[in-house]
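Asker: Dumping the structure here so I can ask a few things about it.
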Amino acid sequence: MSSCCTPEGTCGTNAGETTTTVAVVDTTATVYRVTGMSCGHCRTAITASVGALDGVVSVDVDVDGGVVTVTTAGEPDAAAITAAVDDAGYELTGRA
């Protein structure tokens, strides 16, 4: 059986390997109280609506807890998030 490692402890498969640089973005997680959620459809609708907004990195919907955590690149646009929740058919009642 052959190995890609040399006796000197280096790997022979790294020749010509490229590195990938990943930009790290400062994010802000904001938790909102949302009323009217009761099922998986609610989760999907809010995730799609809020997730489509510029600057939104992730959306976590806790139907049972009545909260939505929105992670954004930088400060959240509260008006846009409120409108997206409203467009999905629910009511954002404030920050939790």
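Residue numbers start at 1 in each chain; chains themselves are named A, B, ... in the order of the structure tokens; ligands are numbered from 1 in the order shown.
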Extract, using only C-alpha atoms, all DNA, RNA and protein residues at most 12 Å from Ala79 in chain A, discarding same-chain residues fewer than 4 positions from it, and format them as a PDB file with all heavy atoms, in the first residue's frame.

Answerer:
```pdb
ATOM      1  N   VAL A  50     -38.528  36.701   5.594  1.00  0.00           N
ATOM      2  CA  VAL A  50     -37.466  37.465   6.252  1.00  0.00           C
ATOM      3  C   VAL A  50     -36.107  37.127   5.645  1.00  0.00           C
ATOM      4  O   VAL A  50     -35.264  38.001   5.447  1.00  0.00           O
ATOM      5  CB  VAL A  50     -37.481  37.223   7.778  1.00  0.00           C
ATOM      6  CG1 VAL A  50     -36.308  37.922   8.456  1.00  0.00           C
ATOM      7  CG2 VAL A  50     -38.803  37.693   8.389  1.00  0.00           C
ATOM      8  N   LEU A  53     -34.626  39.188   2.696  1.00  0.00           N
ATOM      9  CA  LEU A  53     -34.196  40.574   2.873  1.00  0.00           C
ATOM     10  C   LEU A  53     -32.690  40.713   2.730  1.00  0.00           C
ATOM     11  O   LEU A  53     -31.927  39.832   3.132  1.00  0.00           O
ATOM     12  CB  LEU A  53     -34.612  41.087   4.260  1.00  0.00           C
ATOM     13  CG  LEU A  53     -36.098  41.160   4.548  1.00  0.00           C
ATOM     14  CD1 LEU A  53     -36.331  41.544   6.006  1.00  0.00           C
ATOM     15  CD2 LEU A  53     -36.776  42.167   3.618  1.00  0.00           C
ATOM     16  N   GLU A  75     -26.198  45.965  11.583  1.00  0.00           N
ATOM     17  CA  GLU A  75     -27.431  46.275  12.303  1.00  0.00           C
ATOM     18  C   GLU A  75     -28.661  45.853  11.484  1.00  0.00           C
ATOM     19  O   GLU A  75     -28.689  46.033  10.266  1.00  0.00           O
ATOM     20  CB  GLU A  75     -27.520  47.777  12.606  1.00  0.00           C
ATOM     21  CG  GLU A  75     -26.557  48.219  13.690  1.00  0.00           C
ATOM     22  CD  GLU A  75     -26.820  47.528  15.015  1.00  0.00           C
ATOM     23  OE1 GLU A  75     -27.978  47.479  15.455  1.00  0.00           O
ATOM     24  OE2 GLU A  75     -25.848  47.022  15.607  1.00  0.00           O
ATOM     25  N   ALA A  83     -42.030  44.486   8.195  1.00  0.00           N
ATOM     26  CA  ALA A  83     -42.838  44.400   6.973  1.00  0.00           C
ATOM     27  C   ALA A  83     -42.810  42.980   6.401  1.00  0.00           C
ATOM     28  O   ALA A  83     -43.845  42.481   5.928  1.00  0.00           O
ATOM     29  CB  ALA A  83     -42.332  45.401   5.935  1.00  0.00           C
ATOM     30  N   ALA A  84     -41.662  42.315   6.449  1.00  0.00           N
ATOM     31  CA  ALA A  84     -41.552  40.950   5.920  1.00  0.00           C
ATOM     32  C   ALA A  84     -42.395  39.980   6.741  1.00  0.00           C
ATOM     33  O   ALA A  84     -43.066  39.098   6.183  1.00  0.00           O
ATOM     34  CB  ALA A  84     -40.094  40.506   5.899  1.00  0.00           C
ATOM     35  N   VAL A  85     -42.392  40.141   8.070  1.00  0.00           N
ATOM     36  CA  VAL A  85     -43.219  39.288   8.930  1.00  0.00           C
ATOM     37  C   VAL A  85     -44.691  39.548   8.636  1.00  0.00           C
ATOM     38  O   VAL A  85     -45.497  38.616   8.510  1.00  0.00           O
ATOM     39  CB  VAL A  85     -42.890  39.522  10.425  1.00  0.00           C
ATOM     40  CG1 VAL A  85     -43.908  38.842  11.325  1.00  0.00           C
ATOM     41  CG2 VAL A  85     -41.481  39.028  10.740  1.00  0.00           C
ATOM     42  N   ASP A  86     -45.056  40.824   8.480  1.00  0.00           N
ATOM     43  CA  ASP A  86     -46.436  41.193   8.162  1.00  0.00           C
ATOM     44  C   ASP A  86     -46.849  40.620   6.807  1.00  0.00           C
ATOM     45  O   ASP A  86     -47.954  40.069   6.671  1.00  0.00           O
ATOM     46  CB  ASP A  86     -46.568  42.720   8.167  1.00  0.00           C
ATOM     47  CG  ASP A  86     -47.997  43.180   7.950  1.00  0.00           C
ATOM     48  OD1 ASP A  86     -48.864  42.823   8.772  1.00  0.00           O
ATOM     49  OD2 ASP A  86     -48.243  43.898   6.953  1.00  0.00           O
ATOM     50  N   LEU A  92     -45.256  41.056  14.104  1.00  0.00           N
ATOM     51  CA  LEU A  92     -44.083  41.252  14.951  1.00  0.00           C
ATOM     52  C   LEU A  92     -44.478  42.265  16.010  1.00  0.00           C
ATOM     53  O   LEU A  92     -44.887  43.375  15.705  1.00  0.00           O
ATOM     54  CB  LEU A  92     -42.921  41.780  14.111  1.00  0.00           C
ATOM     55  CG  LEU A  92     -41.565  41.851  14.781  1.00  0.00           C
ATOM     56  CD1 LEU A  92     -40.455  41.657  13.755  1.00  0.00           C
ATOM     57  CD2 LEU A  92     -41.373  43.160  15.497  1.00  0.00           C
ATOM     58  N   GLY A  94     -42.530  43.186  18.766  1.00  0.00           N
ATOM     59  CA  GLY A  94     -41.404  43.853  19.420  1.00  0.00           C
ATOM     60  C   GLY A  94     -40.247  42.915  19.600  1.00  0.00           C
ATOM     61  O   GLY A  94     -40.279  41.750  19.222  1.00  0.00           O
TER      62      GLY A  94
END
```

Asker: Of the candidates A:Thr71, A:Thr35, A:Thr30, A:Thr82, which one gets nearest to Ser49 in chain A if we count only C-alpha atoms?

Answerer: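 Among A:Thr71, A:Thr35, A:Thr30, A:Thr82, it is A:Thr82 that comes nearest to Ser49 in chain A.
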
Asker: In Å to one decimal, how far is CA of Arg43 in chain A from CA of Val67 in chain A?

Answerer: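 Separating CA of Val67 in chain A from CA of Arg43 in chain A is a distance of 10.4 Å.
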